[in-house]
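J.: Provided below: protein36.txt, containing compact mmCIF, C-alpha atoms.
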# COMPACT_ATOMS: atom_id res chain seq x y z
CA MET U 1 24.93 11.22 -71.96
CA ASN U 2 21.53 12.09 -70.54
CA GLY U 3 22.13 10.64 -67.11
CA ASN U 4 24.79 12.69 -65.42
CA PRO U 5 24.77 16.38 -66.33
CA LEU U 6 28.45 16.71 -65.43
CA LEU U 7 29.36 14.01 -67.91
CA ALA U 8 27.25 15.66 -70.57
CA LEU U 9 28.86 19.03 -69.89
CA ALA U 10 32.33 17.55 -70.04
CA GLY U 11 31.65 15.59 -73.21
CA TYR U 12 29.96 18.35 -75.17
CA PHE U 13 32.35 21.13 -74.27
CA ALA U 14 35.47 19.03 -74.73
CA LEU U 15 34.27 18.08 -78.19
CA LEU U 16 33.25 21.63 -78.97
CA SER U 17 36.60 23.05 -77.89
CA LEU U 18 38.33 21.02 -80.59
CA PHE U 19 36.17 22.43 -83.38
CA ALA U 20 35.72 26.01 -82.26
CA VAL U 21 38.07 27.61 -84.72
CA GLY U 22 37.66 31.33 -84.22
CA GLY U 23 37.29 31.08 -80.49
CA ALA U 24 34.32 31.23 -78.18
CA ASN U 25 32.44 33.59 -80.47
CA ALA U 26 32.46 31.00 -83.22
CA ALA U 27 30.96 28.39 -80.93
CA ILE U 28 27.85 30.29 -79.84
CA PRO U 29 25.43 28.54 -82.24
CA GLU U 30 26.65 25.12 -81.18
CA MET U 31 26.43 26.05 -77.49
CA HIS U 32 22.90 27.33 -78.10
CA ARG U 33 21.98 24.21 -80.04
CA ILE U 34 23.17 21.94 -77.27
CA ALA U 35 22.19 23.93 -74.19
CA VAL U 36 18.76 25.06 -75.42
CA GLU U 37 17.63 22.75 -78.19
CA VAL U 38 19.22 19.37 -77.49
CA MET U 39 19.64 19.23 -73.72
CA GLY U 40 17.05 21.78 -72.62
CA TRP U 41 19.35 23.08 -69.91
CA MET U 42 18.17 26.66 -70.33
CA ASN U 43 15.72 28.70 -72.36
CA ASP U 44 16.48 31.29 -75.01
CA ARG U 45 16.38 34.15 -72.58
CA GLN U 46 18.69 32.50 -70.10
CA PHE U 47 21.14 31.72 -72.87
CA ALA U 48 21.06 35.30 -74.13
CA ASP U 49 21.51 36.58 -70.58
CA SER U 50 24.52 34.32 -70.12
CA PHE U 51 26.08 35.72 -73.24
CA ALA U 52 25.43 39.27 -72.08
CA LEU U 53 26.96 38.57 -68.66
CA ALA U 54 30.02 36.96 -70.24
CA GLN U 55 30.46 39.94 -72.54
CA MET U 56 30.12 42.44 -69.75
CA SER U 57 32.55 40.81 -67.38
CA PRO U 58 36.31 41.08 -67.81
CA GLY U 59 38.39 38.30 -69.30
CA PRO U 60 38.05 35.95 -72.24
CA ASN U 61 34.54 35.59 -73.68
CA VAL U 62 34.83 31.82 -73.39
CA ILE U 63 33.73 32.36 -69.81
CA ILE U 64 30.16 31.87 -71.04
CA VAL U 65 30.72 28.13 -70.68
CA THR U 66 31.36 28.69 -66.98
CA LEU U 67 27.95 30.34 -66.73
CA ILE U 68 26.24 27.53 -68.60
CA GLY U 69 27.98 24.97 -66.41
CA TYR U 70 26.95 26.85 -63.28
CA HIS U 71 23.40 27.03 -64.48
CA VAL U 72 23.31 23.28 -65.07
CA ALA U 73 25.10 21.96 -62.01
CA GLY U 74 26.33 24.73 -59.72
CA LEU U 75 29.98 25.14 -58.86
CA SER U 76 31.01 21.69 -60.00
CA GLY U 77 29.21 22.27 -63.29
CA ALA U 78 31.06 25.55 -63.73
CA ALA U 79 34.39 23.87 -63.07
CA VAL U 80 33.70 20.91 -65.35
CA ALA U 81 32.48 23.05 -68.25
CA THR U 82 35.43 25.43 -68.01
CA VAL U 83 38.05 22.70 -67.83
CA ALA U 84 36.39 20.76 -70.65
CA MET U 85 36.28 23.81 -72.90
CA CYS U 86 39.86 24.93 -72.19
CA GLY U 87 41.67 21.70 -71.36
CA PRO U 88 41.93 19.83 -74.67
CA THR U 89 42.74 22.92 -76.66
CA CYS U 90 45.38 24.01 -74.13
CA VAL U 91 47.11 20.67 -74.38
CA LEU U 92 46.95 20.94 -78.15
CA ALA U 93 48.27 24.49 -78.09
CA TYR U 94 51.11 23.45 -75.84
CA GLY U 95 52.07 20.55 -78.08
CA VAL U 96 51.84 22.50 -81.31
CA SER U 97 53.72 25.49 -79.95
CA ARG U 98 56.75 23.26 -79.29
CA VAL U 99 57.11 22.32 -82.93
CA TRP U 100 55.47 25.25 -84.69
CA ASP U 101 58.53 27.41 -85.24
CA ARG U 102 60.16 24.64 -87.20
CA PHE U 103 57.50 25.01 -89.91
CA LYS U 104 57.66 28.75 -90.02
CA ASP U 105 57.85 29.05 -93.79
CA ALA U 106 56.24 25.74 -94.74
CA PRO U 107 53.67 26.16 -97.53
CA TRP U 108 51.20 23.86 -95.81
CA ARG U 109 51.24 26.13 -92.81
CA MET U 110 50.20 29.03 -95.01
CA ALA U 111 47.48 26.87 -96.55
CA VAL U 112 46.12 25.87 -93.14
CA GLN U 113 46.04 29.47 -92.01
CA GLY U 114 44.61 30.75 -95.28
CA GLY U 115 41.93 28.07 -95.35
CA LEU U 116 40.74 28.42 -91.79
CA VAL U 117 40.28 32.19 -91.78
CA PRO U 118 37.16 32.16 -93.99
CA VAL U 119 35.77 29.16 -92.09
CA SER U 120 36.05 30.96 -88.79
CA LEU U 121 34.57 34.09 -90.36
CA GLY U 122 31.51 32.10 -91.42
CA LEU U 123 31.22 30.57 -87.95
CA ILE U 124 31.39 33.92 -86.20
CA GLY U 125 28.85 35.28 -88.67
CA ALA U 126 26.59 32.40 -87.69
CA SER U 127 27.09 33.34 -84.04
CA ALA U 128 26.02 36.89 -84.75
CA PHE U 129 22.94 35.61 -86.58
CA VAL U 130 21.90 33.18 -83.86
CA LEU U 131 22.50 35.68 -81.12
CA ALA U 132 20.57 38.42 -82.90
CA SER U 133 17.64 36.11 -83.52
CA VAL U 134 17.57 35.20 -79.84
CA ALA U 135 18.08 38.74 -78.55
CA ASP U 136 15.94 40.77 -80.89
CA ARG U 137 12.53 39.93 -79.55
CA ASN U 138 10.96 43.12 -80.82
CA VAL U 139 11.65 45.98 -83.17
CA TYR U 140 13.31 48.11 -80.47
CA ALA U 141 15.82 45.42 -79.59
CA ALA U 142 16.53 44.97 -83.29
CA ALA U 143 17.09 48.71 -83.56
CA ILE U 144 19.61 48.59 -80.70
CA THR U 145 21.41 45.75 -82.46
CA ALA U 146 21.52 47.69 -85.72
CA VAL U 147 22.70 50.94 -84.16
CA THR U 148 25.36 49.15 -82.11
CA ALA U 149 26.60 47.35 -85.20
CA VAL U 150 26.95 50.59 -87.14
CA VAL U 151 28.60 52.49 -84.29
CA ALA U 152 31.01 49.67 -83.49
CA PHE U 153 31.88 49.26 -87.15
CA ALA U 154 32.42 52.93 -87.85
CA THR U 155 34.09 54.05 -84.62
CA ARG U 156 36.43 52.70 -82.02
CA VAL U 157 34.33 53.55 -79.03
CA ASN U 158 34.82 51.25 -76.05
CA PRO U 159 32.06 48.60 -76.19
CA LEU U 160 31.35 49.05 -72.51
CA TRP U 161 29.76 52.42 -73.34
CA LEU U 162 27.52 50.75 -75.89
CA PHE U 163 26.54 48.12 -73.34
CA ALA U 164 25.84 50.81 -70.76
CA ALA U 165 23.65 52.78 -73.17
CA ALA U 166 21.76 49.67 -74.27
CA GLY U 167 21.33 48.53 -70.68
CA ALA U 168 19.95 51.95 -69.74
CA LEU U 169 17.54 51.82 -72.66
CA GLY U 170 16.43 48.38 -71.54
CA LEU U 171 15.99 49.58 -67.98
CA SER U 172 13.89 52.50 -69.11
CA GLY U 173 11.33 50.02 -70.32
CA TRP U 174 11.71 50.50 -74.03
CA LEU U 175 12.26 46.85 -74.81
CA MET B 176 60.18 53.98 -76.58
CA PRO B 177 60.98 54.63 -80.20
CA ALA B 178 58.04 52.61 -81.48
CA VAL B 179 55.62 54.55 -79.40
CA ARG B 180 56.99 57.87 -80.50
CA ARG B 181 56.71 56.90 -84.10
CA LEU B 182 53.12 55.77 -83.76
CA GLY B 183 51.99 58.80 -81.83
CA LYS B 184 49.12 59.09 -79.44
CA PRO B 185 46.14 58.37 -81.69
CA TYR B 186 47.44 54.92 -82.50
CA LEU B 187 48.09 54.03 -78.91
CA PHE B 188 44.63 55.14 -78.04
CA ARG B 189 43.16 53.08 -80.82
CA ILE B 190 45.03 49.98 -79.85
CA ALA B 191 43.98 50.44 -76.26
CA SER B 192 40.34 50.93 -77.06
CA THR B 193 39.79 48.09 -79.49
CA GLY B 194 38.29 46.33 -76.49
CA ALA B 195 35.51 44.74 -78.44
CA SER B 196 36.82 41.87 -80.33
CA PRO B 197 39.79 39.64 -80.09
CA LEU B 198 39.40 38.62 -83.68
CA VAL B 199 39.14 42.04 -85.18
CA ALA B 200 42.40 42.98 -83.63
CA LEU B 201 43.82 39.68 -84.58
CA LEU B 202 42.91 39.54 -88.21
CA PRO B 203 45.28 42.31 -89.20
CA ALA B 204 47.92 40.60 -87.12
CA MET B 205 47.34 37.34 -88.93
CA TYR B 206 47.43 38.86 -92.30
CA CYS B 207 50.49 40.74 -91.37
CA SER B 208 52.45 37.52 -91.14
CA GLN B 209 51.37 36.73 -94.66
CA ARG B 210 51.70 40.10 -96.27
CA MET B 211 53.66 42.77 -94.58
CA SER B 212 53.22 45.07 -97.53
CA ASP B 213 49.59 45.53 -96.76
CA SER B 214 50.20 46.68 -93.25
CA ALA B 215 49.32 50.30 -93.90
CA ARG B 216 45.62 49.57 -93.82
CA SER B 217 45.31 48.44 -90.25
CA PRO B 218 46.54 50.31 -87.23
CA ILE B 219 47.55 47.19 -85.37
CA ALA B 220 49.43 45.63 -88.21
CA SER B 221 51.13 48.89 -89.01
CA SER B 222 52.57 49.06 -85.55
CA GLU B 223 54.47 45.86 -86.31
CA SER B 224 57.20 47.50 -88.25
CA GLY B 225 57.68 50.06 -85.53
CA ALA B 226 57.74 47.63 -82.66
CA SER B 227 60.05 45.18 -84.35
CA ALA B 228 62.76 47.79 -84.35
CA THR B 229 63.08 47.69 -80.58
CA ALA B 230 65.73 45.77 -78.71
CA ALA B 231 65.61 42.07 -77.94
CA PRO B 232 62.96 41.31 -75.34
CA GLU B 233 63.73 40.15 -71.83
CA ARG B 234 62.63 36.83 -70.38
CA PRO B 235 59.86 37.07 -67.83
CA THR B 236 59.95 35.05 -64.63
CA LEU B 237 57.06 32.79 -63.67
CA SER B 238 55.60 35.28 -61.22
CA GLU B 239 55.92 38.08 -63.76
CA LEU B 240 54.04 35.91 -66.25
CA PHE B 241 51.27 35.28 -63.77
CA VAL B 242 50.87 38.93 -62.81
CA ALA B 243 51.01 40.14 -66.41
CA PHE B 244 48.28 37.78 -67.61
CA MET B 245 46.22 38.53 -64.56
CA GLN B 246 46.33 42.22 -65.37
CA VAL B 247 45.46 41.49 -68.98
CA SER B 248 42.45 39.45 -67.97
CA ILE B 249 41.10 42.05 -65.57
CA SER B 250 41.42 44.95 -67.97
CA GLY B 251 40.21 42.96 -70.96
CA PHE B 252 36.57 43.82 -71.08
CA GLY B 253 34.92 42.23 -74.09
CA GLY B 254 37.98 40.27 -75.11
CA ALA B 255 41.52 40.26 -73.82
CA LEU B 256 43.59 40.31 -76.98
CA PRO B 257 44.26 44.02 -77.44
CA TRP B 258 45.26 44.21 -73.80
CA ALA B 259 47.58 41.25 -74.14
CA ARG B 260 49.30 42.95 -77.03
CA ARG B 261 49.64 46.18 -75.12
CA MET B 262 51.13 44.43 -72.13
CA ILE B 263 53.51 42.10 -73.93
CA VAL B 264 54.71 44.20 -76.82
CA GLU B 265 54.39 47.77 -75.68
CA ARG B 266 54.80 47.72 -71.92
CA LYS B 267 56.94 44.70 -71.06
CA ARG B 268 58.57 44.27 -74.46
CA TRP B 269 58.82 40.53 -74.01
CA MET B 270 58.10 40.11 -77.70
CA THR B 271 58.42 42.26 -80.75
CA GLY B 272 55.24 43.09 -82.61
CA GLU B 273 56.15 40.56 -85.25
CA GLU B 274 56.73 37.77 -82.75
CA PHE B 275 53.44 38.60 -81.12
CA SER B 276 51.59 38.37 -84.43
CA GLU B 277 53.21 35.03 -85.21
CA ALA B 278 52.36 33.59 -81.82
CA PHE B 279 48.85 34.92 -82.09
CA ALA B 280 48.30 33.64 -85.59
CA LEU B 281 49.09 30.21 -84.19
CA SER B 282 46.68 30.68 -81.30
CA GLN B 283 44.00 31.83 -83.68
CA PHE B 284 43.84 28.93 -86.00
CA LEU B 285 44.14 26.41 -83.22
CA PRO B 286 40.64 25.49 -82.07
CA GLY B 287 39.30 26.85 -78.82
CA PRO B 288 39.43 30.22 -77.18
CA ASN B 289 42.13 32.32 -78.79
CA VAL B 290 43.40 34.26 -75.83
CA VAL B 291 43.50 31.10 -73.75
CA ASN B 292 45.56 29.41 -76.45
CA PHE B 293 47.78 32.42 -76.61
CA SER B 294 48.51 32.36 -72.89
CA VAL B 295 49.59 28.74 -73.26
CA VAL B 296 51.73 29.38 -76.34
CA PHE B 297 53.33 32.42 -74.77
CA GLY B 298 53.86 30.83 -71.37
CA ALA B 299 55.34 27.70 -72.94
CA ARG B 300 57.80 29.72 -74.97
CA PHE B 301 59.21 31.49 -71.93
CA GLY B 302 58.75 28.94 -69.19
CA GLY B 303 57.92 25.52 -70.65
CA ALA B 304 55.01 23.66 -69.10
CA PRO B 305 55.11 25.59 -65.80
CA GLY B 306 55.13 28.83 -67.73
CA ALA B 307 52.09 27.78 -69.72
CA ALA B 308 50.24 26.75 -66.56
CA VAL B 309 51.09 29.98 -64.76
CA ALA B 310 50.06 32.22 -67.67
CA LEU B 311 46.80 30.30 -68.06
CA ALA B 312 46.07 30.53 -64.34
CA GLY B 313 46.71 34.26 -64.38
CA LEU B 314 44.44 34.75 -67.37
CA MET B 315 41.54 32.63 -66.18
CA GLY B 316 41.69 33.04 -62.39
CA PRO B 317 40.22 36.50 -61.76
CA PRO B 318 37.54 36.31 -64.49
CA LEU B 319 36.41 32.94 -63.13
CA VAL B 320 35.95 34.35 -59.64
CA ILE B 321 34.02 37.33 -61.00
CA ILE B 322 31.80 35.26 -63.27
CA ILE B 323 30.98 32.78 -60.51
CA VAL B 324 29.81 35.65 -58.34
CA LEU B 325 27.73 36.96 -61.25
CA ALA B 326 26.34 33.48 -61.88
CA ALA B 327 25.28 33.13 -58.27
CA LEU B 328 23.64 36.56 -58.36
CA TYR B 329 21.89 35.67 -61.61
CA ALA B 330 20.65 32.38 -60.19
CA ARG B 331 19.18 34.32 -57.27
CA PHE B 332 17.90 37.45 -59.02
CA GLY B 333 17.71 36.40 -62.66
CA ASP B 334 13.94 36.47 -62.61
CA LEU B 335 13.79 40.08 -61.50
CA GLU B 336 12.11 42.09 -64.17
CA VAL B 337 14.57 44.98 -63.84
CA LEU B 338 17.57 42.78 -64.43
CA GLY B 339 15.84 41.12 -67.34
CA ARG B 340 15.22 44.45 -69.00
CA ILE B 341 18.81 45.59 -68.60
CA LEU B 342 20.16 42.31 -69.91
CA ALA B 343 17.77 42.39 -72.86
CA GLY B 344 19.30 45.70 -73.90
CA VAL B 345 22.85 44.53 -73.38
CA THR B 346 22.28 41.33 -75.32
CA ALA B 347 20.88 43.25 -78.26
CA ALA B 348 23.96 45.46 -78.18
CA ALA B 349 26.25 42.45 -77.88
CA ALA B 350 24.69 40.97 -81.00
CA GLY B 351 25.34 44.25 -82.80
CA LEU B 352 28.92 44.22 -81.65
CA LEU B 353 29.40 40.77 -83.08
CA ILE B 354 27.88 41.86 -86.39
CA ALA B 355 30.31 44.79 -86.55
CA MET B 356 33.20 42.45 -85.88
CA VAL B 357 32.10 40.10 -88.64
CA ALA B 358 31.79 43.03 -91.03
CA LYS B 359 35.31 44.16 -90.21
CA MET B 360 36.67 40.66 -90.73
CA ALA B 361 34.74 40.17 -93.93
CA ALA B 362 35.90 43.37 -95.58
CA PRO B 363 39.36 42.12 -96.61
CA LEU B 364 38.15 38.59 -97.37
CA PHE B 365 35.28 39.56 -99.61
CA LYS B 366 37.45 41.73 -101.78
CA GLY B 367 37.48 40.06 -105.15
CA LEU B 368 35.08 37.15 -105.40
CA ASP B 369 37.31 34.17 -104.92
CA TRP B 370 36.66 31.04 -102.88
CA PRO B 371 37.02 32.59 -99.37
CA PRO B 372 33.62 34.35 -99.49
CA LEU B 373 32.07 31.10 -100.68
CA VAL B 374 33.62 29.08 -97.87
CA ALA B 375 32.59 31.69 -95.30
CA THR B 376 29.04 31.72 -96.66
CA LEU B 377 28.81 27.93 -96.58
CA ALA B 378 30.07 27.81 -92.99
CA PHE B 379 27.53 30.48 -92.08
CA ALA B 380 24.64 28.77 -93.82
CA GLY B 381 25.46 25.33 -92.43
CA VAL B 382 25.59 26.49 -88.83
CA ALA B 383 23.15 29.42 -88.74
CA ILE B 384 20.47 28.43 -91.27
CA MET B 385 20.62 24.65 -91.41
CA ARG B 386 21.58 24.40 -87.72
CA TRP B 387 23.90 21.51 -88.44
CA PRO B 388 26.27 20.56 -85.62
CA LEU B 389 29.48 22.55 -85.75
CA PRO B 390 31.82 19.54 -85.75
CA TYR B 391 30.20 18.16 -88.92
CA VAL B 392 30.32 21.46 -90.73
CA PHE B 393 33.91 21.94 -89.70
CA LEU B 394 35.06 18.45 -90.64
CA VAL B 395 33.62 18.84 -94.14
CA LEU B 396 34.51 22.44 -94.80
CA ALA B 397 37.95 22.84 -93.22
CA PRO B 398 39.74 20.26 -95.40
CA ILE B 399 38.13 21.73 -98.52
CA ALA B 400 39.14 25.24 -97.51
CA ILE B 401 42.69 24.20 -96.74
CA ALA B 402 42.92 22.40 -100.06
CA LEU B 403 41.63 25.49 -101.83
CA ALA B 404 44.16 27.65 -100.01
CA TRP B 405 46.85 25.22 -101.08
CA PHE B 406 45.96 25.06 -104.76
CA ARG B 407 44.52 28.52 -105.14
CA PRO B 408 46.26 30.88 -102.75
CA VAL B 409 44.44 34.19 -102.76
CA LYS B 410 46.61 36.94 -104.10
CA ARG B 411 46.36 40.12 -102.18
What is this file in structure tokens?

T.:
Amino acid sequence: MNGNPLLALAGYFALLSLFAVGGANAAIPEMHRIAVEVMGWMNDRQFADSFALAQMSPGPNVIIVTLIGYHVAGLSGAAVATVAMCGPTCVLAYGVSRVWDRFKDAPWRMAVQGGLVPVSLGLIGASAFVLASVADRNVYAAAITAVTAVVAFATRVNPLWLFAAAGALGLSGWL
Amino acid sequence: MPAVRRLGKPYLFRIASTGASPLVALLPAMYCSQRMSDSARSPIASSESGASATAAPERPTLSELFVAFMQVSISGFGGALPWARRMIVERKRWMTGEEFSEAFALSQFLPGPNVVNFSVVFGARFGGAPGAAVALAGLMGPPLVIIIVLAALYARFGDLEVLGRILAGVTAAAAGLLIAMVAKMAAPLFKGLDWPPLVATLAFAGVAIMRWPLPYVFLVLAPIAIALAWFRPVKR
């Protein structure tokens, strides 16, 4: 898949979409692994920036794949990455939703739900770890991460305020 | 709005400002379908009982679906789920809180982006395949336009030192936000050392420490976890 970047984008993200239980946030390490380590599409900083942009802009966080796609191959890359990441899972969601209600009280349904929750928790934890190790390039950035984590855990303040404060700190040259 | 009156302002405010994390808001909802008795602990789950008392929801038209999901996507900074719930359950009353939780639980354990899945599940329920397409288009359309503009700006100005500094700060904060979300999700799961903490830790270690590809980790761990949930359901 090294020849055509569009094919690589389509293949990787379509595959990823089928295993990303827990949503886009669970898939960050795999996106990082592929985009930075395997394919060399972007460097650590560009990946971290993409995540920040996706978090700051409205809409589903999965939009980070659009940024990666754009970075790799412009508009067509953005389109291919987005469709690949959303397409297979949308078809699956559509199919499953048609039959799901029939199994409302089925024990296996409870087992599937109960089993996948801790898996997705571990995956999202891995995302937090990978992202923090990419973002926290010095002790000040690590401090911002720690303070944000505590504030977001303990309060219900809108995250945009946290982003704004952190962005201002960054701008002021502390990082 | 009987449900709203019962919940009072603080709750509404909380639901509205959970902007951060689709999953945080969702977890209570998921658990709610499994154990209604526990609902007192989470504000979102506790609103279920109130909302379910309201009258049968109306059916949205295709254009209503599109506009509703478009509004959700534009207001949903840092994750669209809490906004989707507000729109569908509290404002439009297309679903009761319970129905919403059920539909979202399904969207959550399906792979892929949760809110995207939800738009498809919701749209399909009310409008079949066209409904699903319309809801998805409404959800993804505006954010895509915005992000493409941002991407173009970044491609042009990404090397600017000023922008780099701002983004460095925001990324550090975003990592912290994710940590907080994980902590919130972990709290109920890590109560009582049963297999769920072990499974979560293994998934974490495999992906974050060992850097194994996600599909491999998932294909090994998911069947084990589901089997454990089958034979050893966690009592809560």

J.: Taking into account only C-alpha atoms, which residue in the set U:Met31, U:Ala149, U:Ile144, U:Ala78 is nearest to Ala166 (chain U)?

T.: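 That would be U:Ile144, the residue with the smallest distance to Ala166 (chain U).
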
J.: My list of candidates is U:Gly167, U:Gly11, U:Pro88, U:Pro5. Which is closest to chain B when distances are computed with all atoms listed in the file?

T.: U:Gly167

J.: U:Arg33, U:His71, U:Arg137, U:Arg45: which is nearest Leu338 (chain B), counting only C-alpha atoms?

T.: U:Arg45

J.: If we count all atoms listed in the file and set the cut-off at 10 Å, which residues sit around Val72 (chain U), ignoring sequence neighbours fewer than 3 positions away in its own chain? Please answer as a tab-separated table (two decimals) with C-alpha atoms, in the coordinates of the input.

T.:
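out-v3.tsv, written as the output of this step:
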chain	number	residue	atom	x	y	z
U	5	PRO	CA	24.77	16.38	-66.33
U	6	LEU	CA	28.45	16.71	-65.43
U	9	LEU	CA	28.86	19.03	-69.89
U	35	ALA	CA	22.19	23.93	-74.19
U	40	GLY	CA	17.05	21.78	-72.62
U	41	TRP	CA	19.35	23.08	-69.91
U	42	MET	CA	18.17	26.66	-70.33
U	66	THR	CA	31.36	28.69	-66.98
U	67	LEU	CA	27.95	30.34	-66.73
U	68	ILE	CA	26.24	27.53	-68.60
U	69	GLY	CA	27.98	24.97	-66.41
U	75	LEU	CA	29.98	25.14	-58.86
U	76	SER	CA	31.01	21.69	-60.00
U	77	GLY	CA	29.21	22.27	-63.29
U	78	ALA	CA	31.06	25.55	-63.73
U	81	ALA	CA	32.48	23.05	-68.25

J.: So which residues touch Gly122 (chain U) within 6 Å, counting all atoms listed in the file, skipping near sequence neighbours fewer than 5 positions away, as a list in words?

T.: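 These residues fall inside the cut-off: Ala375, Thr376, Ala378 and Phe379 of chain B.
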
J.: Can you pull out every residue within 6 Å of region 278-290 of chain B, counting all atoms listed in the file, but drop anything in the same chain fewer than 5 positions away, and send it as number ranges by chain?

T.: U: 17-21, 23-24, 89; B: 205

J.: What lies within 12 Å of Pro107 (chain U) using all atoms listed in the file, ignoring chain neighbours under 5 positions off, as a list of chain:residue names?

T.: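 Using all atoms listed in the file, the neighbours found are U:Val112, U:Gln113, U:Gly114, B:Gln209, B:Ile401, B:Ala402, B:Ala404, B:Trp405, B:Phe406, B:Pro408.
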
J.: Hey, can you spit out that residue selection with C-alpha atoms as a PDB file, in the frame of the given file?

T.:
ATOM      1  CA  VAL U 112      46.120  25.870 -93.140  1.00  0.00           C
ATOM      2  CA  GLN U 113      46.040  29.470 -92.010  1.00  0.00           C
ATOM      3  CA  GLY U 114      44.610  30.750 -95.280  1.00  0.00           C
TER       4      GLY U 114
ATOM      5  CA  GLN B 209      51.370  36.730 -94.660  1.00  0.00           C
ATOM      6  CA  ILE B 401      42.690  24.200 -96.740  1.00  0.00           C
ATOM      7  CA  ALA B 402      42.920  22.400-100.060  1.00  0.00           C
ATOM      8  CA  ALA B 404      44.160  27.650-100.010  1.00  0.00           C
ATOM      9  CA  TRP B 405      46.850  25.220-101.080  1.00  0.00           C
ATOM     10  CA  PHE B 406      45.960  25.060-104.760  1.00  0.00           C
ATOM     11  CA  PRO B 408      46.260  30.880-102.750  1.00  0.00           C
TER      12      PRO B 408
END

J.: Report, in Å with one decimal, the straight-line distance from CA of Leu162 (chain U) to CA of Leu364 (chain B).

T.: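 Result for CA of Leu162 (chain U) versus CA of Leu364 (chain B): 26.9 Å, one decimal.
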
J.: Smallest atom-to-atom distance to chain B: which of U:Val151, U:Leu15, U:Pro58, U:Arg102, using only C-alpha atoms?

T.: U:Pro58

J.: Taking (38.1, 32.8, -88.3) in the coordinates of the supplied file, I want to know which residues reach to within 8 Å of it, counting only C-alpha atoms; could you give the answer as number ranges by chain?

T.: U: 21-22, 26, 116-124; B: 198, 283-284

J.: For Tyr140 (chain U), please output as a PyMOL selection string all residues within 8 Å (counting all atoms listed in the file; exclusion window: fewer than 3 positions along the same chain).

T.: chain U and resi 136+143-144+174-175

J.: Those same residues - C-alpha atoms - I'd like them written as a PDB file, in the frame of the given file.

T.:
ATOM      1  CA  ASP U 136      15.940  40.770 -80.890  1.00  0.00           C
ATOM      2  CA  ALA U 143      17.090  48.710 -83.560  1.00  0.00           C
ATOM      3  CA  ILE U 144      19.610  48.590 -80.700  1.00  0.00           C
ATOM      4  CA  TRP U 174      11.710  50.500 -74.030  1.00  0.00           C
ATOM      5  CA  LEU U 175      12.260  46.850 -74.810  1.00  0.00           C
TER       6      LEU U 175
END

J.: Compute the distance from (46.2, 33.5, -62.4) to each atom, counting only C-alpha atoms, keep the residues with any atom at most 10 Å away, and return them as a PyMOL selection string; use the coordinates of the file.

T.: chain B and resi 238+240-246+248+308-319

J.: Keeping C-alpha atoms, export the residues of the selection given above as a compact mmCIF listing (two decimals), in the frame of the given file.

T.:
# COMPACT_ATOMS: atom_id res chain seq x y z
CA SER B 238 55.60 35.28 -61.22
CA LEU B 240 54.04 35.91 -66.25
CA PHE B 241 51.27 35.28 -63.77
CA VAL B 242 50.87 38.93 -62.81
CA ALA B 243 51.01 40.14 -66.41
CA PHE B 244 48.28 37.78 -67.61
CA MET B 245 46.22 38.53 -64.56
CA GLN B 246 46.33 42.22 -65.37
CA SER B 248 42.45 39.45 -67.97
CA ALA B 308 50.24 26.75 -66.56
CA VAL B 309 51.09 29.98 -64.76
CA ALA B 310 50.06 32.22 -67.67
CA LEU B 311 46.80 30.30 -68.06
CA ALA B 312 46.07 30.53 -64.34
CA GLY B 313 46.71 34.26 -64.38
CA LEU B 314 44.44 34.75 -67.37
CA MET B 315 41.54 32.63 -66.18
CA GLY B 316 41.69 33.04 -62.39
CA PRO B 317 40.22 36.50 -61.76
CA PRO B 318 37.54 36.31 -64.49
CA LEU B 319 36.41 32.94 -63.13
